[in-house]
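Asker: To be precise about what I am sending: the file is called final29.cif and holds mmCIF, C-alpha atoms and all ligand atoms.
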```cif
data_coords
loop_
_atom_site.group_PDB
_atom_site.id
_atom_site.type_symbol
_atom_site.label_atom_id
_atom_site.label_comp_id
_atom_site.auth_asym_id
_atom_site.auth_seq_id
_atom_site.Cartn_x
_atom_site.Cartn_y
_atom_site.Cartn_z
ATOM 1 C CA MET J 284 -8.313 58.730 49.052
ATOM 2 C CA LYS J 285 -8.081 55.767 51.472
ATOM 3 C CA ARG J 286 -10.109 52.691 50.502
ATOM 4 C CA ARG J 287 -12.375 53.060 53.573
ATOM 5 C CA ASP J 288 -13.143 56.680 52.711
ATOM 6 C CA PHE J 289 -13.684 55.748 49.096
ATOM 7 C CA ILE J 290 -16.203 53.030 49.982
ATOM 8 C CA LYS J 291 -17.939 55.363 52.427
ATOM 9 C CA SER J 292 -18.310 57.999 49.737
ATOM 10 C CA VAL J 293 -19.618 55.521 47.174
ATOM 11 C CA VAL J 294 -22.128 53.985 49.587
ATOM 12 C CA THR J 295 -23.256 57.458 50.570
ATOM 13 C CA LEU J 296 -23.628 58.358 46.929
ATOM 14 C CA ALA J 297 -25.592 55.212 46.273
ATOM 15 C CA SER J 298 -27.916 55.441 49.254
ATOM 16 C CA LEU J 299 -28.477 59.173 49.651
ATOM 17 C CA ALA J 300 -27.164 61.034 46.638
ATOM 18 C CA PRO J 301 -29.131 58.937 44.154
ATOM 19 C CA ILE J 302 -31.948 61.297 45.041
ATOM 20 C CA ALA J 303 -30.118 63.678 42.710
ATOM 21 C CA SER J 304 -29.910 61.129 39.965
ATOM 22 C CA ASN J 305 -33.057 59.115 40.640
ATOM 23 C CA LYS J 306 -34.575 60.429 37.447
ATOM 24 C CA ALA J 307 -31.668 59.135 35.399
ATOM 25 C CA ILE J 308 -31.788 55.793 37.159
ATOM 26 C CA ALA J 309 -35.575 55.514 36.784
ATOM 27 C CA GLY J 310 -35.069 56.317 33.103
ATOM 28 C CA LEU J 311 -32.515 53.575 32.892
ATOM 29 C CA SER J 312 -34.884 51.106 34.468
ATOM 30 C CA GLU J 313 -37.578 51.969 31.919
ATOM 31 C CA GLU J 314 -35.048 51.795 29.075
ATOM 32 C CA ASN J 315 -34.270 48.339 30.330
ATOM 33 C CA ASN J 316 -37.797 47.271 29.388
ATOM 34 C CA ASN J 317 -38.418 46.357 25.764
ATOM 35 C CA SER J 318 -41.484 48.573 25.415
ATOM 36 C CA GLU J 319 -39.553 51.780 26.025
ATOM 37 C CA ARG J 320 -36.630 51.137 23.716
ATOM 38 C CA LYS J 321 -36.236 52.844 20.382
ATOM 39 C CA ASN J 322 -36.170 51.105 16.995
ATOM 40 C CA LYS J 323 -32.528 51.449 16.003
ATOM 41 C CA MET J 324 -30.455 48.598 17.434
ATOM 42 C CA LYS J 325 -27.568 49.716 19.620
ATOM 43 C CA VAL J 326 -24.486 47.585 20.022
ATOM 44 C CA ILE J 327 -21.560 48.276 22.336
ATOM 45 C CA VAL J 328 -18.175 46.796 21.454
ATOM 46 C CA LEU J 329 -15.412 46.738 24.085
ATOM 47 C CA ASN J 330 -11.781 45.897 23.414
ATOM 48 C CA GLY J 331 -9.988 44.388 26.422
ATOM 49 C CA SER J 332 -6.624 44.168 24.659
ATOM 50 C CA PRO J 333 -3.969 46.820 25.287
ATOM 51 C CA ARG J 334 -3.227 46.659 21.567
ATOM 52 C CA THR J 335 -5.818 48.706 19.733
ATOM 53 C CA ASN J 336 -5.280 47.239 16.277
ATOM 54 C CA PHE J 337 -4.036 43.712 16.701
ATOM 55 C CA ASN J 338 -5.772 40.310 16.808
ATOM 56 C CA THR J 339 -8.534 41.067 19.314
ATOM 57 C CA ALA J 340 -9.237 44.528 17.913
ATOM 58 C CA GLN J 341 -9.338 43.236 14.335
ATOM 59 C CA LEU J 342 -11.919 40.609 15.277
ATOM 60 C CA LEU J 343 -13.969 43.157 17.221
ATOM 61 C CA LYS J 344 -13.906 45.570 14.279
ATOM 62 C CA GLN J 345 -15.324 42.799 12.100
ATOM 63 C CA ALA J 346 -18.026 42.172 14.696
ATOM 64 C CA GLN J 347 -18.772 45.897 14.537
ATOM 65 C CA LYS J 348 -19.066 45.713 10.734
ATOM 66 C CA GLY J 349 -21.349 42.687 11.048
ATOM 67 C CA ALA J 350 -23.665 44.553 13.425
ATOM 68 C CA GLU J 351 -23.626 47.637 11.193
ATOM 69 C CA SER J 352 -24.470 45.481 8.151
ATOM 70 C CA VAL J 353 -27.901 44.844 9.674
ATOM 71 C CA GLY J 354 -28.434 48.505 10.561
ATOM 72 C CA ALA J 355 -27.176 48.629 14.131
ATOM 73 C CA GLU J 356 -25.576 51.722 15.579
ATOM 74 C CA VAL J 357 -22.281 50.636 17.146
ATOM 75 C CA GLU J 358 -20.137 52.334 19.761
ATOM 76 C CA TYR J 359 -16.624 50.929 20.033
ATOM 77 C CA TYR J 360 -14.359 51.500 23.048
ATOM 78 C CA ASP J 361 -10.753 50.531 23.748
ATOM 79 C CA LEU J 362 -10.747 49.830 27.490
ATOM 80 C CA VAL J 363 -7.048 50.723 27.665
ATOM 81 C CA LYS J 364 -8.007 54.365 27.044
ATOM 82 C CA ILE J 365 -10.524 54.450 29.884
ATOM 83 C CA ASN J 366 -9.548 55.223 33.444
ATOM 84 C CA TYR J 367 -11.281 52.778 35.768
ATOM 85 C CA LYS J 368 -10.800 50.156 38.446
ATOM 86 C CA GLY J 369 -12.578 46.918 39.281
ATOM 87 C CA CYS J 370 -15.300 46.408 41.891
ATOM 88 C CA MET J 371 -14.465 48.144 45.202
ATOM 89 C CA SER J 372 -16.754 45.836 47.197
ATOM 90 C CA CYS J 373 -18.821 48.782 48.435
ATOM 91 C CA PHE J 374 -22.037 46.709 48.064
ATOM 92 C CA ALA J 375 -24.050 49.810 47.168
ATOM 93 C CA CYS J 376 -25.758 47.660 44.523
ATOM 94 C CA LYS J 377 -26.855 45.147 47.184
ATOM 95 C CA LEU J 378 -28.186 47.611 49.774
ATOM 96 C CA LYS J 379 -31.825 47.128 50.738
ATOM 97 C CA GLY J 380 -33.795 49.632 48.704
ATOM 98 C CA SER J 381 -30.827 50.295 46.415
ATOM 99 C CA LYS J 382 -31.841 52.356 43.415
ATOM 100 C CA THR J 383 -28.780 51.470 41.365
ATOM 101 C CA ASN J 384 -30.841 49.197 39.057
ATOM 102 C CA GLY J 385 -27.911 47.191 37.762
ATOM 103 C CA LEU J 386 -25.595 50.172 37.295
ATOM 104 C CA CYS J 387 -22.365 50.160 39.325
ATOM 105 C CA ALA J 388 -22.382 53.028 41.848
ATOM 106 C CA ILE J 389 -18.746 53.999 41.291
ATOM 107 C CA ARG J 390 -18.603 57.281 39.423
ATOM 108 C CA ASP J 391 -15.637 57.112 37.113
ATOM 109 C CA ASP J 392 -14.947 57.045 33.375
ATOM 110 C CA LEU J 393 -16.400 53.552 33.004
ATOM 111 C CA ARG J 394 -19.816 54.490 34.351
ATOM 112 C CA PRO J 395 -21.227 56.117 31.194
ATOM 113 C CA ILE J 396 -20.182 53.032 29.251
ATOM 114 C CA LEU J 397 -21.849 50.701 31.747
ATOM 115 C CA GLU J 398 -24.958 52.845 31.415
ATOM 116 C CA LYS J 399 -24.900 52.364 27.629
ATOM 117 C CA VAL J 400 -24.403 48.621 28.069
ATOM 118 C CA LEU J 401 -27.611 48.426 30.112
ATOM 119 C CA GLN J 402 -29.493 50.169 27.298
ATOM 120 C CA ALA J 403 -27.893 48.199 24.453
ATOM 121 C CA ASP J 404 -29.393 45.521 22.227
ATOM 122 C CA ALA J 405 -26.135 43.581 22.318
ATOM 123 C CA VAL J 406 -22.654 43.809 23.792
ATOM 124 C CA ILE J 407 -19.514 42.310 22.303
ATOM 125 C CA ILE J 408 -16.339 42.138 24.372
ATOM 126 C CA GLY J 409 -12.950 40.895 23.261
ATOM 127 C CA THR J 410 -9.839 39.991 25.213
ATOM 128 C CA PRO J 411 -6.539 38.231 24.693
ATOM 129 C CA VAL J 412 -5.829 35.324 27.012
ATOM 130 C CA TYR J 413 -3.169 36.239 29.565
ATOM 131 C CA PHE J 414 -1.941 33.384 31.769
ATOM 132 C CA SER J 415 -5.028 31.280 31.010
ATOM 133 C CA TYR J 416 -7.568 34.022 31.790
ATOM 134 C CA ALA J 417 -8.859 37.220 30.239
ATOM 135 C CA THR J 418 -6.799 40.400 30.731
ATOM 136 C CA GLY J 419 -6.980 42.430 33.935
ATOM 137 C CA MET J 420 -8.811 45.179 32.039
ATOM 138 C CA PHE J 421 -11.494 42.731 31.015
ATOM 139 C CA ARG J 422 -11.815 41.353 34.535
ATOM 140 C CA ASN J 423 -12.044 44.819 36.071
ATOM 141 C CA LEU J 424 -14.769 45.591 33.559
ATOM 142 C CA ILE J 425 -16.834 42.511 34.214
ATOM 143 C CA GLU J 426 -16.571 42.812 37.987
ATOM 144 C CA ARG J 427 -18.423 46.112 37.595
ATOM 145 C CA MET J 428 -20.665 45.124 34.688
ATOM 146 C CA LEU J 429 -21.821 41.850 36.215
ATOM 147 C CA PHE J 430 -21.768 42.362 39.969
ATOM 148 C CA ALA J 431 -24.047 45.403 39.998
ATOM 149 C CA PRO J 432 -27.023 43.671 38.326
ATOM 150 C CA LEU J 433 -26.310 40.298 39.965
ATOM 151 C CA ARG J 434 -28.793 39.587 42.755
ATOM 152 C CA TYR J 435 -27.940 37.776 45.973
ATOM 153 C CA MET J 436 -31.507 36.453 46.215
ATOM 154 C CA LYS J 437 -32.551 32.787 46.088
ATOM 155 C CA ASP J 438 -35.215 33.329 43.468
ATOM 156 C CA GLU J 439 -33.666 36.171 41.502
ATOM 157 C CA LYS J 440 -30.337 35.900 39.717
ATOM 158 C CA THR J 441 -30.364 39.314 38.086
ATOM 159 C CA CYS J 442 -32.148 42.631 38.386
ATOM 160 C CA LEU J 443 -32.119 43.154 34.606
ATOM 161 C CA LYS J 444 -35.650 43.301 33.244
ATOM 162 C CA ARG J 445 -34.680 41.868 29.874
ATOM 163 C CA LYS J 446 -31.952 39.663 28.450
ATOM 164 C CA ILE J 447 -29.034 41.384 26.750
ATOM 165 C CA PRO J 448 -27.097 39.207 24.282
ATOM 166 C CA VAL J 449 -23.368 39.164 24.948
ATOM 167 C CA GLY J 450 -20.608 37.982 22.617
ATOM 168 C CA LEU J 451 -17.176 37.163 24.032
ATOM 169 C CA ILE J 452 -14.172 36.989 21.720
ATOM 170 C CA TYR J 453 -10.968 35.451 23.066
ATOM 171 C CA THR J 454 -7.667 35.436 21.202
ATOM 172 C CA MET J 455 -4.747 33.294 22.301
ATOM 173 C CA ASN J 456 -1.347 32.083 21.279
ATOM 174 C CA CYS J 457 -2.294 28.517 22.146
ATOM 175 C CA PRO J 458 -3.430 26.152 19.413
ATOM 176 C CA GLU J 459 -6.906 24.685 19.936
ATOM 177 C CA ASN J 460 -5.851 21.179 21.058
ATOM 178 C CA LEU J 461 -3.426 22.573 23.676
ATOM 179 C CA ALA J 462 -6.042 25.037 24.928
ATOM 180 C CA GLN J 463 -8.329 22.085 25.556
ATOM 181 C CA GLN J 464 -5.594 20.088 27.304
ATOM 182 C CA ILE J 465 -4.706 23.012 29.577
ATOM 183 C CA GLY J 466 -8.384 23.491 30.461
ATOM 184 C CA TYR J 467 -9.133 26.922 28.993
ATOM 185 C CA ASP J 468 -12.749 25.833 28.621
ATOM 186 C CA LYS J 469 -12.889 25.978 32.449
ATOM 187 C CA THR J 470 -10.872 29.150 33.037
ATOM 188 C CA LEU J 471 -12.564 31.105 30.255
ATOM 189 C CA GLY J 472 -15.881 29.294 30.662
ATOM 190 C CA SER J 473 -16.423 30.987 34.024
ATOM 191 C CA ASP J 474 -16.880 34.354 32.230
ATOM 192 C CA GLU J 475 -19.417 32.819 29.857
ATOM 193 C CA ASN J 476 -21.386 31.296 32.740
ATOM 194 C CA ALA J 477 -21.410 34.577 34.652
ATOM 195 C CA PHE J 478 -22.739 36.463 31.613
ATOM 196 C CA LYS J 479 -25.409 33.814 31.010
ATOM 197 C CA ARG J 480 -26.513 34.117 34.621
ATOM 198 C CA VAL J 481 -26.741 37.901 34.711
ATOM 199 C CA PHE J 482 -27.325 39.013 31.105
ATOM 200 C CA GLY J 483 -29.285 35.911 30.037
ATOM 201 C CA HIS J 484 -27.388 35.050 26.853
ATOM 202 C CA CYS J 485 -23.718 34.637 25.925
ATOM 203 C CA GLU J 486 -21.925 33.301 22.855
ATOM 204 C CA VAL J 487 -18.172 32.720 22.625
ATOM 205 C CA LEU J 488 -15.745 32.923 19.722
ATOM 206 C CA ASN J 489 -12.192 31.662 20.272
ATOM 207 C CA SER J 490 -9.357 32.570 17.929
ATOM 208 C CA TYR J 491 -6.424 30.208 18.521
ATOM 209 C CA ASP J 492 -2.753 30.203 17.569
ATOM 210 C CA THR J 493 -2.671 33.942 16.902
ATOM 211 C CA TYR J 494 0.175 35.841 15.335
ATOM 212 C CA GLN J 495 1.804 37.623 18.296
ATOM 213 C CA PHE J 496 4.288 39.853 16.478
ATOM 214 C CA THR J 497 4.503 41.260 12.997
ATOM 215 C CA ASP J 498 8.147 40.181 12.761
ATOM 216 C CA TYR J 499 9.131 37.112 14.781
ATOM 217 C CA SER J 500 12.821 37.517 13.887
ATOM 218 C CA LYS J 501 13.072 40.526 16.229
ATOM 219 C CA TYR J 502 12.117 38.575 19.364
ATOM 220 C CA ASP J 503 13.571 35.826 21.525
ATOM 221 C CA CYS J 504 10.939 33.185 20.892
ATOM 222 C CA ASP J 505 12.287 29.951 19.472
ATOM 223 C CA MET J 506 9.388 28.072 21.098
ATOM 224 C CA PHE J 507 7.239 29.114 18.168
ATOM 225 C CA ASP J 508 7.582 28.245 14.535
ATOM 226 C CA GLU J 509 7.134 31.461 12.610
ATOM 227 C CA ALA J 510 6.243 29.672 9.374
ATOM 228 C CA HIS J 511 3.428 27.825 11.162
ATOM 229 C CA LYS J 512 2.222 31.031 12.833
ATOM 230 C CA LYS J 513 2.198 32.834 9.493
ATOM 231 C CA GLN J 514 0.286 30.008 7.877
ATOM 232 C CA VAL J 515 -2.396 30.048 10.618
ATOM 233 C CA HIS J 516 -2.571 33.820 10.283
ATOM 234 C CA GLU J 517 -3.135 33.576 6.560
ATOM 235 C CA THR J 518 -5.517 30.626 6.518
ATOM 236 C CA GLN J 519 -7.381 30.394 9.858
ATOM 237 C CA PHE J 520 -7.460 34.005 11.043
ATOM 238 C CA PRO J 521 -9.465 35.207 8.010
ATOM 239 C CA LYS J 522 -12.062 32.524 8.870
ATOM 240 C CA ASP J 523 -12.158 33.817 12.456
ATOM 241 C CA LEU J 524 -12.711 37.330 11.100
ATOM 242 C CA GLU J 525 -15.709 36.031 9.156
ATOM 243 C CA LYS J 526 -17.018 34.322 12.300
ATOM 244 C CA ALA J 527 -16.640 37.608 14.185
ATOM 245 C CA PHE J 528 -18.590 39.431 11.456
ATOM 246 C CA ASP J 529 -21.361 36.812 11.711
ATOM 247 C CA LEU J 530 -21.382 37.097 15.514
ATOM 248 C CA GLY J 531 -21.929 40.847 15.326
ATOM 249 C CA LYS J 532 -24.587 40.465 12.654
ATOM 250 C CA ARG J 533 -26.440 37.772 14.604
ATOM 251 C CA LEU J 534 -26.329 39.347 18.055
ATOM 252 C CA ALA J 535 -27.429 42.791 16.825
ATOM 253 C CA VAL J 536 -30.816 41.421 15.785
ATOM 254 C CA LEU J 537 -31.164 38.561 18.235
ATOM 255 C CA LYS J 538 -34.559 38.621 19.893
ATOM 256 C CA LEU J 539 -34.676 36.986 23.298
ATOM 257 C CA ASP J 540 -37.975 36.620 25.195
HETATM 258 C C1 LIG E 1 1.123 38.989 29.322
HETATM 259 C C2 LIG E 1 0.732 37.960 28.288
HETATM 260 C C3 LIG E 1 0.303 36.710 28.712
HETATM 261 C C4 LIG E 1 -0.130 35.773 27.772
HETATM 262 N N1 LIG E 1 -0.592 34.556 28.217
HETATM 263 C C5 LIG E 1 -1.079 33.667 27.319
HETATM 264 C C6 LIG E 1 -1.637 32.432 27.757
HETATM 265 O O1 LIG E 1 -1.680 32.105 28.942
HETATM 266 N N2 LIG E 1 -2.140 31.598 26.814
HETATM 267 C C7 LIG E 1 -2.121 31.897 25.477
HETATM 268 O O2 LIG E 1 -2.612 31.102 24.679
HETATM 269 N N3 LIG E 1 -1.617 33.084 25.039
HETATM 270 C C8 LIG E 1 -1.104 33.968 25.918
HETATM 271 N N4 LIG E 1 -0.607 35.178 25.485
HETATM 272 C C9 LIG E 1 -0.689 35.506 24.037
HETATM 273 C C10 LIG E 1 -1.916 36.341 23.699
HETATM 274 O O3 LIG E 1 -3.065 35.839 24.299
HETATM 275 C C11 LIG E 1 -2.160 36.355 22.182
HETATM 276 O O4 LIG E 1 -1.007 36.753 21.501
HETATM 277 C C12 LIG E 1 -3.313 37.282 21.836
HETATM 278 O O5 LIG E 1 -3.824 36.986 20.563
HETATM 279 C C13 LIG E 1 -2.912 38.766 21.891
HETATM 280 O O6 LIG E 1 -3.994 39.578 21.578
HETATM 281 P P1 LIG E 1 -3.768 40.986 20.842
HETATM 282 O O7 LIG E 1 -3.139 40.655 19.517
HETATM 283 O O8 LIG E 1 -5.124 41.561 20.704
HETATM 284 O O9 LIG E 1 -2.877 41.787 21.712
HETATM 285 C C14 LIG E 1 -0.114 36.099 26.384
HETATM 286 C C15 LIG E 1 0.362 37.367 25.977
HETATM 287 C C16 LIG E 1 0.785 38.284 26.914
HETATM 288 C C17 LIG E 1 1.297 39.622 26.452
#
```
Show how you would write the structure in this file as structure tokens.

Answerer:
Amino acid sequence: MKRRDFIKSVVTLASLAPIASNKAIAGLSEENNNSERKNKMKVIVLNGSPRTNFNTAQLLKQAQKGAESVGAEVEYYDLVKINYKGCMSCFACKLKGSKTNGLCAIRDDLRPILEKVLQADAVIIGTPVYFSYATGMFRNLIERMLFAPLRYMKDEKTCLKRKIPVGLIYTMNCPENLAQQIGYDKTLGSDENAFKRVFGHCEVLNSYDTYQFTDYSKYDCDMFDEAHKKQVHETQFPKDLEKAFDLGKRLAVLKLD
């Protein structure tokens, strides 16, 4: 389908077809209010790394365990297994009278997950750093997750009726001091600021100097000292795993106004 036709179909869906799904959307809006939500905490964990069991995933799985340790029900998704694109700039979410209520109008495999995010008590998203930013998968996700509820109004930053705590976990090859020199606080900080603006709360956990391969001898990479990498992996990474557990535990029960 050509992009123009795609946008036309999405805008049509969002402005006319929502009649068919108004009930679901109204339900979502009510769910978004504290009074209507059920007792069991729900946490959504999203892995933005293409590797489903490496650094980022291991930290996210600890965050999941942390949330479960305080009784939360956790749903974990590897974004690499989900078929979706980023924002298509259809602006269905910004139409006057739009009934999208913070949910992106594009109907694809990401939509049910975005729906769950809007009903969750907390969301934890992890990504490796690729060329100083989060992965493309992560960016495509947040374009959809953040732009739909973001309001273009002077006095209203978000259409969400309550704050949803978000945890962001970044893993990177860079050691901490180099990350600061290069300015990762700025490149990665823009995600944190966007989540604070739209979801109302965001905490970040950085895991530096990660172990990129299980066997360095197989790769052309004499820039890195394997012994040092191994040492960080054995001494610092376990501490990061504990921090990830604590993040999940804390965010699952965090009460924001
Ligand atoms: C395409 C690509 C680009 C990367 N760019 C950076 C970078 O700019 N800065 C950095 O510190 N690490 C970079 N890395 C390393 C990863 O961020 C790091 O190994 C991360 O922990 C991998 O996460 P994973 O184990 O979950 O796959 C890059 C890795 C890849 C594959």

Asker: Enumerate as an NGL selection string the residues within 9 Å of ligand LIG 1 (chain E), counting all atoms listed in the file.

Answerer: :J and (330-342 or 409-418 or 453-458 or 461-462 or 467 or 490-496)

Asker: Separation of CA of Thr518 in chain J and CA of Gln347 in chain J, in Å?

Answerer: 21.8 Å

Asker: Once you count all atoms listed in the file, which residues end up no further than 12 Å from (-27.0, 40.4, 18.7) in the file's frame, shown as a ChimeraX atom specification?

Answerer: /J:324-328,346-347,349-357,403-407,446-451,484-486,527-539

Asker: Which distance in Å separates CA of Glu475 in chain J and CA of Cys373 in chain J, to one decimal?

Answerer: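 Going from CA of Glu475 in chain J over to CA of Cys373 in chain J covers 24.5 Å.
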
Asker: Let me have the centre and edge lengths of the axis-aligned box enclosing all listed atoms of range 496-502 of chain J with 8 Å padding on every side, in Å to one decimal, as JSON.

Answerer:
```
{"center_x": 8.7, "center_y": 39.2, "center_z": 16.1, "size_x": 24.8, "size_y": 20.1, "size_z": 22.6}
```

Asker: Which residues fall under the PyMOL selection byres (((chain J and resi 432) around 6) and not hetatm) in this file, as a short mmCIF file (atom, residue, chain, number, x, y, z; two decimals) with C-alpha atoms, in the coordinates of the input?

Answerer:
```
data_model
loop_
_atom_site.label_atom_id
_atom_site.label_comp_id
_atom_site.auth_asym_id
_atom_site.auth_seq_id
_atom_site.Cartn_x
_atom_site.Cartn_y
_atom_site.Cartn_z
CA GLY J 385 -27.91 47.19 37.76
CA LEU J 429 -21.82 41.85 36.22
CA PHE J 430 -21.77 42.36 39.97
CA ALA J 431 -24.05 45.40 40.00
CA LEU J 433 -26.31 40.30 39.97
CA THR J 441 -30.36 39.31 38.09
CA CYS J 442 -32.15 42.63 38.39
#
```

Asker: Quick one: of J:Lys344, J:Cys387, J:Asp468, J:Cys376, who's nearest to Tyr435 in chain J, counting all atoms listed in the file?

Answerer: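 Going through J:Lys344, J:Cys387, J:Asp468, J:Cys376 one by one, the smallest distance to Tyr435 in chain J is for J:Cys376.
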
Asker: CA of Arg434 in chain J and CA of Leu401 in chain J are how many Å apart?

Answerer: 15.5 Å

Asker: Just checking: using only C-alpha atoms, which residue out of J:His511, J:Lys444, J:Lys469, J:Lys323 ends up closest to Asp540 in chain J?

Answerer: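 Smallest distance to Asp540 in chain J is found for J:Lys444.
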